file start_29.txt (compact mmCIF, C-alpha atoms and all ligand atoms)
# COMPACT_ATOMS: atom_id res chain seq x y z
CA MET W 539 -19.32 45.57 -256.37
CA THR W 540 -18.39 41.93 -255.87
CA LYS W 541 -15.44 40.32 -254.17
CA PHE W 542 -13.01 38.64 -256.55
CA ILE W 543 -13.16 35.40 -254.54
CA ASN W 544 -16.76 35.04 -255.75
CA SER W 545 -15.85 35.56 -259.42
CA PRO W 546 -16.53 32.80 -261.94
CA LEU W 547 -12.78 32.90 -262.73
CA VAL W 548 -11.71 31.85 -259.22
CA LYS W 549 -14.55 29.32 -259.02
CA GLU W 550 -13.53 27.76 -262.34
CA VAL W 551 -9.88 27.36 -261.30
CA ALA W 552 -10.79 26.07 -257.83
CA LYS W 553 -13.12 23.49 -259.36
CA ILE W 554 -10.73 22.28 -262.05
CA THR W 555 -7.71 22.01 -259.72
CA PHE W 556 -9.80 19.81 -257.43
CA ARG W 557 -10.83 17.67 -260.42
CA LEU W 558 -7.16 17.27 -261.39
CA TYR W 559 -6.36 16.23 -257.81
CA ASP W 560 -9.33 13.85 -257.75
CA HIS W 561 -8.02 12.07 -260.86
CA GLY W 562 -4.79 11.35 -258.95
CA TRP W 563 -2.73 13.58 -261.21
CA ASP W 564 -1.70 16.15 -258.59
CA GLU W 565 -0.35 14.52 -255.48
CA ARG W 566 0.96 16.87 -252.78
CA ASN W 567 1.91 20.17 -254.48
CA GLY W 568 2.20 18.53 -257.91
CA GLY W 569 0.79 20.54 -260.78
CA ASN W 570 0.22 24.22 -261.47
CA VAL W 571 -2.09 26.35 -263.58
CA SER W 572 -2.04 29.85 -265.06
CA TYR W 573 -5.06 31.52 -266.61
CA ARG W 574 -4.67 34.73 -268.64
CA ILE W 575 -7.44 37.07 -267.50
CA LEU W 576 -8.76 39.81 -269.75
CA PRO W 577 -8.93 43.36 -268.30
CA GLU W 578 -12.66 43.54 -269.12
CA GLU W 579 -13.26 40.53 -266.87
CA LEU W 580 -11.90 42.46 -263.89
CA THR W 581 -14.00 45.60 -263.90
CA ASP W 582 -16.63 44.39 -261.42
CA TYR W 583 -14.36 43.74 -258.45
CA ASP W 584 -13.44 46.36 -255.87
CA ASP W 585 -10.83 44.35 -253.98
CA ILE W 586 -8.27 43.99 -256.80
CA GLN W 587 -7.53 47.63 -257.57
CA MET W 588 -4.54 48.06 -255.22
CA VAL W 589 -1.16 46.42 -255.60
CA LYS W 590 -0.67 44.33 -252.45
CA ARG W 591 2.91 43.26 -253.09
CA THR W 592 5.41 43.19 -255.95
CA ILE W 593 7.00 39.78 -256.44
CA PRO W 594 10.16 39.43 -258.59
CA ILE W 595 10.10 36.77 -261.30
CA ASN W 596 13.18 35.09 -262.64
CA PHE W 597 12.24 35.75 -266.25
CA ASP W 598 12.14 38.62 -268.71
CA GLY W 599 8.40 39.15 -269.05
CA ARG W 600 8.58 42.49 -270.91
CA ASP W 601 6.60 41.15 -273.87
CA LEU W 602 3.76 40.21 -271.50
CA ALA W 603 3.82 43.51 -269.55
CA GLY W 604 0.39 44.53 -268.27
CA MET W 605 -1.13 41.07 -268.74
CA TYR W 606 -3.13 39.54 -265.89
CA PHE W 607 -2.79 35.92 -264.78
CA LEU W 608 -4.61 33.91 -262.15
CA VAL W 609 -1.86 31.54 -260.98
CA SER W 610 -1.55 28.70 -258.46
CA ALA W 611 1.00 29.28 -255.70
CA THR W 612 4.21 27.34 -255.37
CA GLY W 613 4.20 24.52 -252.85
CA ARG W 614 0.42 24.51 -252.43
CA TYR W 615 -1.81 21.46 -252.87
CA PHE W 616 -4.43 21.28 -255.65
CA LYS W 617 -6.53 19.33 -253.12
CA ASN W 618 -6.82 22.51 -251.01
CA ILE W 619 -7.40 25.34 -253.51
CA ILE W 620 -11.15 24.74 -253.49
CA ASP W 621 -11.26 25.50 -249.74
CA PHE W 622 -8.56 28.20 -249.61
CA PRO W 623 -8.56 29.99 -252.99
CA GLU W 624 -7.43 33.33 -251.57
CA ARG W 625 -4.43 31.67 -249.92
CA ASP W 626 -3.37 29.28 -252.71
CA LEU W 627 -4.16 31.34 -255.83
CA GLY W 628 -3.01 34.80 -256.86
CA LEU W 629 -4.14 37.36 -259.40
CA VAL W 630 -1.00 39.02 -260.75
CA ARG W 631 -0.12 41.60 -263.40
CA ILE W 632 3.24 41.56 -265.17
CA THR W 633 5.09 44.81 -264.43
CA GLU W 634 6.18 47.21 -267.18
CA ASP W 635 9.84 46.20 -266.91
CA GLY W 636 8.85 42.51 -267.02
CA LYS W 637 11.00 41.67 -264.01
CA ALA W 638 8.21 41.18 -261.48
CA VAL W 639 4.48 40.76 -260.96
CA ASP W 640 2.16 43.05 -259.06
CA LEU W 641 -0.07 41.02 -256.75
CA LEU W 642 -3.66 42.29 -256.86
CA TRP W 643 -5.42 39.51 -254.98
CA GLY W 644 -4.64 36.23 -253.22
CA TYR W 645 -1.42 34.60 -251.90
CA SER W 646 -2.83 35.88 -248.61
CA ASP W 647 -0.27 34.20 -246.34
CA GLY W 648 2.77 35.41 -248.27
CA ALA W 649 2.84 32.82 -251.08
CA ALA W 650 4.34 33.35 -254.54
CA PRO W 651 3.54 32.04 -258.05
CA THR W 652 4.38 28.45 -258.98
CA SER W 653 8.03 27.57 -259.48
CA GLU W 654 7.04 26.75 -263.07
CA PHE W 655 5.82 30.32 -263.71
CA PRO W 656 8.66 31.07 -266.18
CA THR W 657 7.65 27.95 -268.15
CA HIS W 658 4.01 29.04 -268.04
CA LEU W 659 4.83 32.56 -269.21
CA MET W 660 7.09 31.34 -272.00
CA GLY W 661 4.37 28.86 -272.93
CA HIS W 662 1.68 31.56 -273.10
CA GLN W 663 4.02 33.69 -275.19
CA ALA W 664 4.78 30.84 -277.62
CA ARG W 665 1.12 29.91 -278.08
CA LEU W 666 -0.07 33.56 -278.24
CA ALA W 667 2.28 34.25 -281.16
CA GLU W 668 0.05 32.06 -283.36
CA HIS W 669 -3.23 31.83 -281.42
CA SER W 670 -4.55 35.08 -279.99
CA ASP W 671 -7.20 33.18 -278.00
CA GLN W 672 -4.57 31.25 -275.96
CA ARG W 673 -5.34 31.67 -272.23
CA VAL W 674 -4.54 28.58 -270.18
CA VAL W 675 -1.39 26.62 -269.32
CA MET W 676 -1.99 23.58 -267.10
CA HIS W 677 0.63 21.21 -265.69
CA CYS W 678 -0.06 17.91 -263.93
CA HIS W 679 1.37 14.44 -263.27
CA PRO W 680 -0.88 11.91 -265.09
CA THR W 681 0.01 8.39 -263.96
CA ASN W 682 -0.30 6.26 -267.10
CA LEU W 683 1.37 8.80 -269.36
CA ILE W 684 4.33 9.16 -266.98
CA ALA W 685 4.63 5.35 -266.84
CA MET W 686 4.79 5.26 -270.65
CA THR W 687 7.78 7.63 -270.57
CA PHE W 688 9.72 4.80 -268.90
CA THR W 689 8.69 2.03 -271.28
CA GLN W 690 8.41 3.78 -274.66
CA LYS W 691 10.99 5.53 -276.84
CA LEU W 692 10.86 9.29 -276.23
CA ASP W 693 10.07 9.94 -279.86
CA GLU W 694 7.24 12.33 -280.74
CA LYS W 695 6.16 10.36 -283.79
CA ILE W 696 6.10 7.00 -281.98
CA PHE W 697 4.32 8.45 -278.92
CA SER W 698 1.76 10.41 -280.93
CA ARG W 699 0.91 7.40 -283.10
CA ILE W 700 0.39 5.15 -280.07
CA LEU W 701 -1.87 7.69 -278.37
CA TRP W 702 -3.82 8.39 -281.60
CA LYS W 703 -4.49 4.68 -282.06
CA MET W 704 -5.69 4.03 -278.50
CA GLN W 705 -9.08 5.63 -279.07
CA THR W 706 -10.93 7.18 -281.99
CA GLU W 707 -11.17 10.56 -280.23
CA SER W 708 -7.43 11.19 -279.86
CA LEU W 709 -6.62 12.39 -283.37
CA VAL W 710 -9.60 14.74 -283.37
CA VAL W 711 -8.48 16.32 -280.06
CA PHE W 712 -4.73 16.59 -280.78
CA PRO W 713 -4.25 16.18 -284.56
CA GLU W 714 -0.80 17.81 -284.36
CA GLY W 715 0.38 15.03 -282.01
CA ILE W 716 2.28 15.54 -278.79
CA GLY W 717 5.63 17.22 -278.10
CA ILE W 718 8.33 15.68 -275.89
CA ILE W 719 11.38 17.33 -274.34
CA PRO W 720 14.28 15.39 -272.81
CA TRP W 721 14.30 14.88 -269.03
CA MET W 722 15.35 18.18 -267.44
CA VAL W 723 15.43 19.76 -264.00
CA PRO W 724 12.02 21.42 -263.40
CA GLY W 725 11.50 24.98 -262.20
CA THR W 726 14.23 26.39 -264.43
CA ASN W 727 14.19 28.78 -267.38
CA LYS W 728 15.99 26.13 -269.42
CA ILE W 729 13.07 23.70 -269.18
CA GLY W 730 10.75 26.64 -269.86
CA GLU W 731 12.58 27.48 -273.08
CA ALA W 732 12.56 23.85 -274.24
CA THR W 733 8.83 23.53 -273.45
CA ALA W 734 7.93 26.81 -275.14
CA ALA W 735 9.84 25.77 -278.28
CA LYS W 736 7.65 22.65 -278.47
CA LEU W 737 4.47 24.65 -277.77
CA LYS W 738 4.99 26.46 -281.08
CA ASP W 739 3.94 23.21 -282.80
CA PHE W 740 2.04 21.26 -280.13
CA ARG W 741 -0.62 22.18 -277.56
CA ALA W 742 0.62 19.47 -275.19
CA VAL W 743 4.18 18.67 -274.15
CA ILE W 744 5.44 15.69 -272.16
CA TRP W 745 8.07 16.10 -269.47
CA PRO W 746 9.49 12.54 -269.26
CA GLN W 747 9.33 10.86 -265.83
CA HIS W 748 7.53 13.97 -264.58
CA GLY W 749 4.28 15.03 -266.23
CA LEU W 750 2.42 16.90 -268.89
CA PHE W 751 1.77 20.49 -269.97
CA GLY W 752 -1.53 21.20 -271.71
CA THR W 753 -2.63 24.55 -273.15
CA GLY W 754 -5.79 26.01 -274.57
CA ALA W 755 -8.15 28.93 -275.02
CA THR W 756 -10.23 27.87 -272.02
CA ILE W 757 -9.85 25.88 -268.82
CA ASP W 758 -12.12 23.21 -270.33
CA GLU W 759 -10.00 22.98 -273.47
CA ALA W 760 -6.70 22.54 -271.59
CA PHE W 761 -8.26 20.06 -269.14
CA GLY W 762 -10.02 18.16 -271.94
CA LEU W 763 -6.75 17.84 -273.83
CA ILE W 764 -4.95 16.46 -270.76
CA GLU W 765 -7.87 14.12 -270.00
CA THR W 766 -7.89 12.74 -273.54
CA ILE W 767 -4.12 12.16 -273.61
CA GLU W 768 -4.15 10.42 -270.23
CA LYS W 769 -7.19 8.33 -271.25
CA ALA W 770 -5.28 7.09 -274.30
CA ALA W 771 -2.29 6.26 -272.06
CA GLN W 772 -4.63 4.43 -269.68
CA ILE W 773 -6.07 2.32 -272.51
CA TRP W 774 -2.52 1.49 -273.59
CA THR W 775 -1.75 0.37 -270.01
CA VAL W 776 -4.88 -1.78 -269.83
CA ILE W 777 -4.00 -3.40 -273.15
CA GLN W 778 -0.63 -4.42 -271.67
CA GLN W 779 -2.47 -5.77 -268.60
CA GLN W 780 -4.67 -7.83 -270.94
CA GLY W 781 -1.55 -9.42 -272.44
CA GLY W 782 -0.58 -6.75 -274.95
CA LYS W 783 -1.52 -8.74 -278.03
CA ILE W 784 -3.41 -6.60 -280.55
CA GLU W 785 -5.94 -8.35 -282.79
CA GLN W 786 -7.11 -5.16 -284.50
CA THR W 787 -6.34 -1.49 -284.35
CA ILE W 788 -7.07 1.92 -285.88
CA THR W 789 -5.13 2.03 -289.17
CA ASP W 790 -3.35 5.02 -290.71
CA GLN W 791 -6.10 5.15 -293.33
CA ASP W 792 -8.71 5.25 -290.52
CA LEU W 793 -6.85 8.21 -289.00
CA LEU W 794 -6.84 10.06 -292.33
CA ASP W 795 -10.57 9.32 -292.84
CA LEU W 796 -11.30 10.61 -289.34
CA ALA W 797 -9.35 13.82 -289.96
CA LYS W 798 -11.31 14.47 -293.14
CA VAL W 799 -14.75 14.04 -291.56
CA PHE W 800 -13.86 15.99 -288.41
CA ASN W 801 -12.09 18.65 -290.44
CA VAL W 802 -8.77 18.59 -288.59
CA GLN W 803 -5.25 18.75 -290.04
CA PRO W 804 -3.30 15.66 -288.94
CA ASN W 805 0.45 16.04 -288.55
CA ARG W 806 1.58 14.50 -291.86
CA ALA W 807 5.11 13.99 -290.54
CA PHE W 808 3.59 11.36 -288.23
CA ILE W 809 1.08 9.63 -290.59
P1 LIG W 901 4.93 24.18 -257.67
O1 LIG W 901 4.45 23.74 -256.29
O2 LIG W 901 6.02 25.19 -257.58
O3 LIG W 901 3.76 24.65 -258.52
O4 LIG W 901 5.56 22.90 -258.39
C1 LIG W 901 4.81 21.75 -258.62
C2 LIG W 901 5.27 20.96 -259.76
O5 LIG W 901 4.54 20.14 -260.30
C3 LIG W 901 6.64 21.20 -260.30
O6 LIG W 901 6.79 20.69 -261.57
ZN ZN W 902 5.36 18.91 -261.91
call {"tool": "encode", "arguments": {"input": "start_29.txt", "output": "structure tokens", "more": "lines below"}}
Ligand code: 13P
Ligand code: ZN
result
Amino acid sequence: MTKFINSPLVKEVAKITFRLYDHGWDERNGGNVSYRILPEELTDYDDIQMVKRTIPINFDGRDLAGMYFLVSATGRYFKNIIDFPERDLGLVRITEDGKAVDLLWGYSDGAAPTSEFPTHLMGHQARLAEHSDQRVVMHCHPTNLIAMTFTQKLDEKIFSRILWKMQTESLVVFPEGIGIIPWMVPGTNKIGEATAAKLKDFRAVIWPQHGLFGTGATIDEAFGLIETIEKAAQIWTVIQQQGGKIEQTITDQDLLDLAKVFNVQPNRAFI
């Protein structure tokens, strides 16, 4: 029997949270991640069988009852998870009544799930309704994208088209475009509901003047989506630094040609 701290699941989350920090997208306690873990991935560990604590959640999680999530703790720094995974991460199971989580591992000094846990759970639920392989919700504060939410109209079509045209890869990675909610107070069920509503149509949602939510079937997929969006925003920023004058760009026809060859469905409301 192995200790859960040595599982590939904990290692993967510890590694990716450090990468997010290293990119400068998770200052202080900024950012959070939740990873839906399958019961069959948990059979080898002897230190996760007992419920250590039951932690109430401010959300009706009945529809997710019995599901396991590996979740970053509130107030903890992504910079530190790699060194203190058992303190700053927790493995939780949603209780039958959906009003709490049973802690099976982690949060060793009394921590609790991220303040954005309701948003994460609503996000998982929204994505799972259409995509049974949905497993990861990842939130971070990418610099260039946040800056763009000050200078650009908060319009999904306008934003998506800019990001698509900043690099050839964008449309292939997020052909549906990107969702945007209005500025809202974080850590509330209201922002969770607004985000989840967008996640029905988009895998990534912008929180203006705050950050980004990315989702996916794997840690790599969610991270790769965030990376690609922020890279496009960075290219946009550099273009402005170079004077902002565009001599040539990717045309709408180029986008449609790309979609055809890479076999993705572009959001036709935006092209
Ligand atoms: P937590 O520390 O509760 O995860 O919050 C960080 C954050 O980015 C809030 O949006
Ligand atoms: Zn945040």
call {"tool": "closest_atom_pairs", "arguments": {"input": "start_29.txt", "of": "chain W", "to": "ligand ZN 902 (chain W)", "cutoff": "9 Å", "atoms": "all atoms listed in the file", "output": "tab-separated table"}}
result
residue	atom	partner	partner_atom	distance
W:Asp564	CA	W:ZN902	ZN	8.3
W:Asn567	CA	W:ZN902	ZN	8.3
W:Gly568	CA	W:ZN902	ZN	5.1
W:Gly569	CA	W:ZN902	ZN	5.0
W:Asn570	CA	W:ZN902	ZN	7.4
W:Glu654	CA	W:ZN902	ZN	8.1
W:His677	CA	W:ZN902	ZN	6.5
W:Cys678	CA	W:ZN902	ZN	5.9
W:His679	CA	W:ZN902	ZN	6.1
W:Pro724	CA	W:ZN902	ZN	7.3
W:Gly725	CA	W:ZN902	ZN	8.6
W:Trp745	CA	W:ZN902	ZN	8.5
W:His748	CA	W:ZN902	ZN	6.0
W:Gly749	CA	W:ZN902	ZN	5.9
W:Leu750	CA	W:ZN902	ZN	7.8
W:Phe751	CA	W:ZN902	ZN	9.0
call {"tool": "residues_around", "arguments": {"input": "start_29.txt", "residues": "Thr681 of chain W", "least_positions_apart": "4", "cutoff": "9 Å", "atoms": "all atoms listed in the file", "output": "ChimeraX atom specification"}}
result
/W:562-563,685-686,749,768,771-772
call {"tool": "residues_around", "arguments": {"input": "start_29.txt", "residues": "Ala734 of chain W", "least_positions_apart": "5", "cutoff": "6 Å", "atoms": "only C-alpha atoms", "output": "VMD selection string"}}
result
chain W and resid 660 to 661 664
call {"tool": "residues_around", "arguments": {"input": "start_29.txt", "residues": "segment 698-704 of chain W", "least_positions_apart": "6", "cutoff": "9 Å", "atoms": "only C-alpha atoms", "output": "list in words"}}
result
Val710, Phe712, Pro713, Glu714, Gly715, Ile716, Gly717, Ile767, Glu768, Lys769, Ala770, Ala771, Gln772, Ile773, Trp774, Thr787, Ile788, Thr789, Asp790, Leu793, Phe808 and Ile809 of chain W
call {"tool": "atom_distance", "arguments": {"input": "start_29.txt", "atom1": "atom CA of Glu765 of chain W", "atom2": "atom CA of Gly628 of chain W"}}
result
25.0 Å
call {"tool": "closest_atom_pairs", "arguments": {"input": "start_29.txt", "of": "segment 560-656 of chain W", "to": "segment 549-556 of chain W", "cutoff": "10 Å", "atoms": "only C-alpha atoms", "output": "CSV"}}
result
residue,atom,partner,partner_atom,distance
W:Asp560,CA,W:Phe556,CA,6.0
W:His561,CA,W:Phe556,CA,8.7
W:Gly562,CA,W:Phe556,CA,9.9
W:Trp563,CA,W:Thr555,CA,9.9
W:Asp564,CA,W:Thr555,CA,8.5
W:Gly569,CA,W:Thr555,CA,8.7
W:Asn570,CA,W:Thr555,CA,8.4
W:Val571,CA,W:Thr555,CA,8.1
W:Ser572,CA,W:Val551,CA,9.0
W:Tyr573,CA,W:Val551,CA,8.3
W:Leu608,CA,W:Val551,CA,8.4
W:Val609,CA,W:Val551,CA,9.0
W:Ser610,CA,W:Val551,CA,8.9
W:Tyr615,CA,W:Thr555,CA,9.1
W:Phe616,CA,W:Thr555,CA,5.3
W:Lys617,CA,W:Phe556,CA,5.4
W:Asn618,CA,W:Phe556,CA,7.6
W:Ile619,CA,W:Ala552,CA,5.5
W:Ile620,CA,W:Ala552,CA,4.6
W:Asp621,CA,W:Ala552,CA,8.1
W:Phe622,CA,W:Ala552,CA,8.8
W:Pro623,CA,W:Ala552,CA,6.6
W:Asp626,CA,W:Ala552,CA,9.6
W:Leu627,CA,W:Ala552,CA,8.7
call {"tool": "write_last_selection", "arguments": {"input": "start_29.txt", "atoms": "C-alpha atoms", "output": "PDB file, keeping the file's coordinate frame"}}
result
ATOM      1  CA  ASP W 560      -9.330  13.850-257.750  1.00  0.00           C
ATOM      2  CA  HIS W 561      -8.020  12.070-260.860  1.00  0.00           C
ATOM      3  CA  GLY W 562      -4.790  11.350-258.950  1.00  0.00           C
ATOM      4  CA  TRP W 563      -2.730  13.580-261.210  1.00  0.00           C
ATOM      5  CA  ASP W 564      -1.700  16.150-258.590  1.00  0.00           C
ATOM      6  CA  GLY W 569       0.790  20.540-260.780  1.00  0.00           C
ATOM      7  CA  ASN W 570       0.220  24.220-261.470  1.00  0.00           C
ATOM      8  CA  VAL W 571      -2.090  26.350-263.580  1.00  0.00           C
ATOM      9  CA  SER W 572      -2.040  29.850-265.060  1.00  0.00           C
ATOM     10  CA  TYR W 573      -5.060  31.520-266.610  1.00  0.00           C
ATOM     11  CA  LEU W 608      -4.610  33.910-262.150  1.00  0.00           C
ATOM     12  CA  VAL W 609      -1.860  31.540-260.980  1.00  0.00           C
ATOM     13  CA  SER W 610      -1.550  28.700-258.460  1.00  0.00           C
ATOM     14  CA  TYR W 615      -1.810  21.460-252.870  1.00  0.00           C
ATOM     15  CA  PHE W 616      -4.430  21.280-255.650  1.00  0.00           C
ATOM     16  CA  LYS W 617      -6.530  19.330-253.120  1.00  0.00           C
ATOM     17  CA  ASN W 618      -6.820  22.510-251.010  1.00  0.00           C
ATOM     18  CA  ILE W 619      -7.400  25.340-253.510  1.00  0.00           C
ATOM     19  CA  ILE W 620     -11.150  24.740-253.490  1.00  0.00           C
ATOM     20  CA  ASP W 621     -11.260  25.500-249.740  1.00  0.00           C
ATOM     21  CA  PHE W 622      -8.560  28.200-249.610  1.00  0.00           C
ATOM     22  CA  PRO W 623      -8.560  29.990-252.990  1.00  0.00           C
ATOM     23  CA  ASP W 626      -3.370  29.280-252.710  1.00  0.00           C
ATOM     24  CA  LEU W 627      -4.160  31.340-255.830  1.00  0.00           C
TER      25      LEU W 627
END
call {"tool": "residues_near_point", "arguments": {"input": "start_29.txt", "point": "(12.8, 36.5, -266.9)", "cutoff": "10 Å", "atoms": "only C-alpha atoms", "output": "JSON, numbers by chain"}}
result
{"W": [594, 595, 596, 597, 598, 599, 600, 636, 637, 638, 655, 656, 659, 660, 727]}
call {"tool": "closest_residue", "arguments": {"input": "start_29.txt", "among": "W:Ile684, W:Ala797, W:Ala611, W:Ala732", "to": "ligand LIG 901 (chain W)", "atoms": "all atoms listed in the file"}}
result
W:Ala611
call {"tool": "closest_residue", "arguments": {"input": "start_29.txt", "among": "W:Leu737, W:Pro746, W:Val776, W:Lys695", "to": "Ile719 of chain W", "atoms": "all atoms listed in the file"}}
result
W:Pro746
call {"tool": "residues_around", "arguments": {"input": "start_29.txt", "residues": "Ile757 of chain W", "least_positions_apart": "3", "cutoff": "7 Å", "atoms": "all atoms listed in the file", "output": "tab-separated table (two decimals) with C-alpha atoms, in the coordinates of the input"}}
result
chain	number	residue	atom	x	y	z
W	674	VAL	CA	-4.54	28.58	-270.18
W	760	ALA	CA	-6.70	22.54	-271.59
W	761	PHE	CA	-8.26	20.06	-269.14
call {"tool": "atom_distance", "arguments": {"input": "start_29.txt", "atom1": "atom CA of Glu785 of chain W", "atom2": "atom CA of Ile764 of chain W"}}
result
27.6 Å
call {"tool": "residues_around", "arguments": {"input": "start_29.txt", "residues": "Gly754 of chain W", "least_positions_apart": "6", "cutoff": "9 Å", "atoms": "all atoms listed in the file", "output": "number ranges by chain"}}
result
W: 665, 671-676, 741, 760-761, 763
call {"tool": "write_last_selection", "arguments": {"input": "start_29.txt", "atoms": "C-alpha atoms", "output": "mmCIF file, in the frame of the given file"}}
result
data_model
loop_
_atom_site.group_PDB
_atom_site.id
_atom_site.type_symbol
_atom_site.label_atom_id
_atom_site.label_comp_id
_atom_site.auth_asym_id
_atom_site.auth_seq_id
_atom_site.Cartn_x
_atom_site.Cartn_y
_atom_site.Cartn_z
ATOM 1 C CA ARG W 665 1.120 29.910 -278.080
ATOM 2 C CA ASP W 671 -7.200 33.180 -278.000
ATOM 3 C CA GLN W 672 -4.570 31.250 -275.960
ATOM 4 C CA ARG W 673 -5.340 31.670 -272.230
ATOM 5 C CA VAL W 674 -4.540 28.580 -270.180
ATOM 6 C CA VAL W 675 -1.390 26.620 -269.320
ATOM 7 C CA MET W 676 -1.990 23.580 -267.100
ATOM 8 C CA ARG W 741 -0.620 22.180 -277.560
ATOM 9 C CA ALA W 760 -6.700 22.540 -271.590
ATOM 10 C CA PHE W 761 -8.260 20.060 -269.140
ATOM 11 C CA LEU W 763 -6.750 17.840 -273.830
#
call {"tool": "atom_distance", "arguments": {"input": "start_29.txt", "atom1": "atom O2 of ligand LIG 901 (chain W)", "atom2": "atom CA of Met605 of chain W"}}
result
20.7 Å
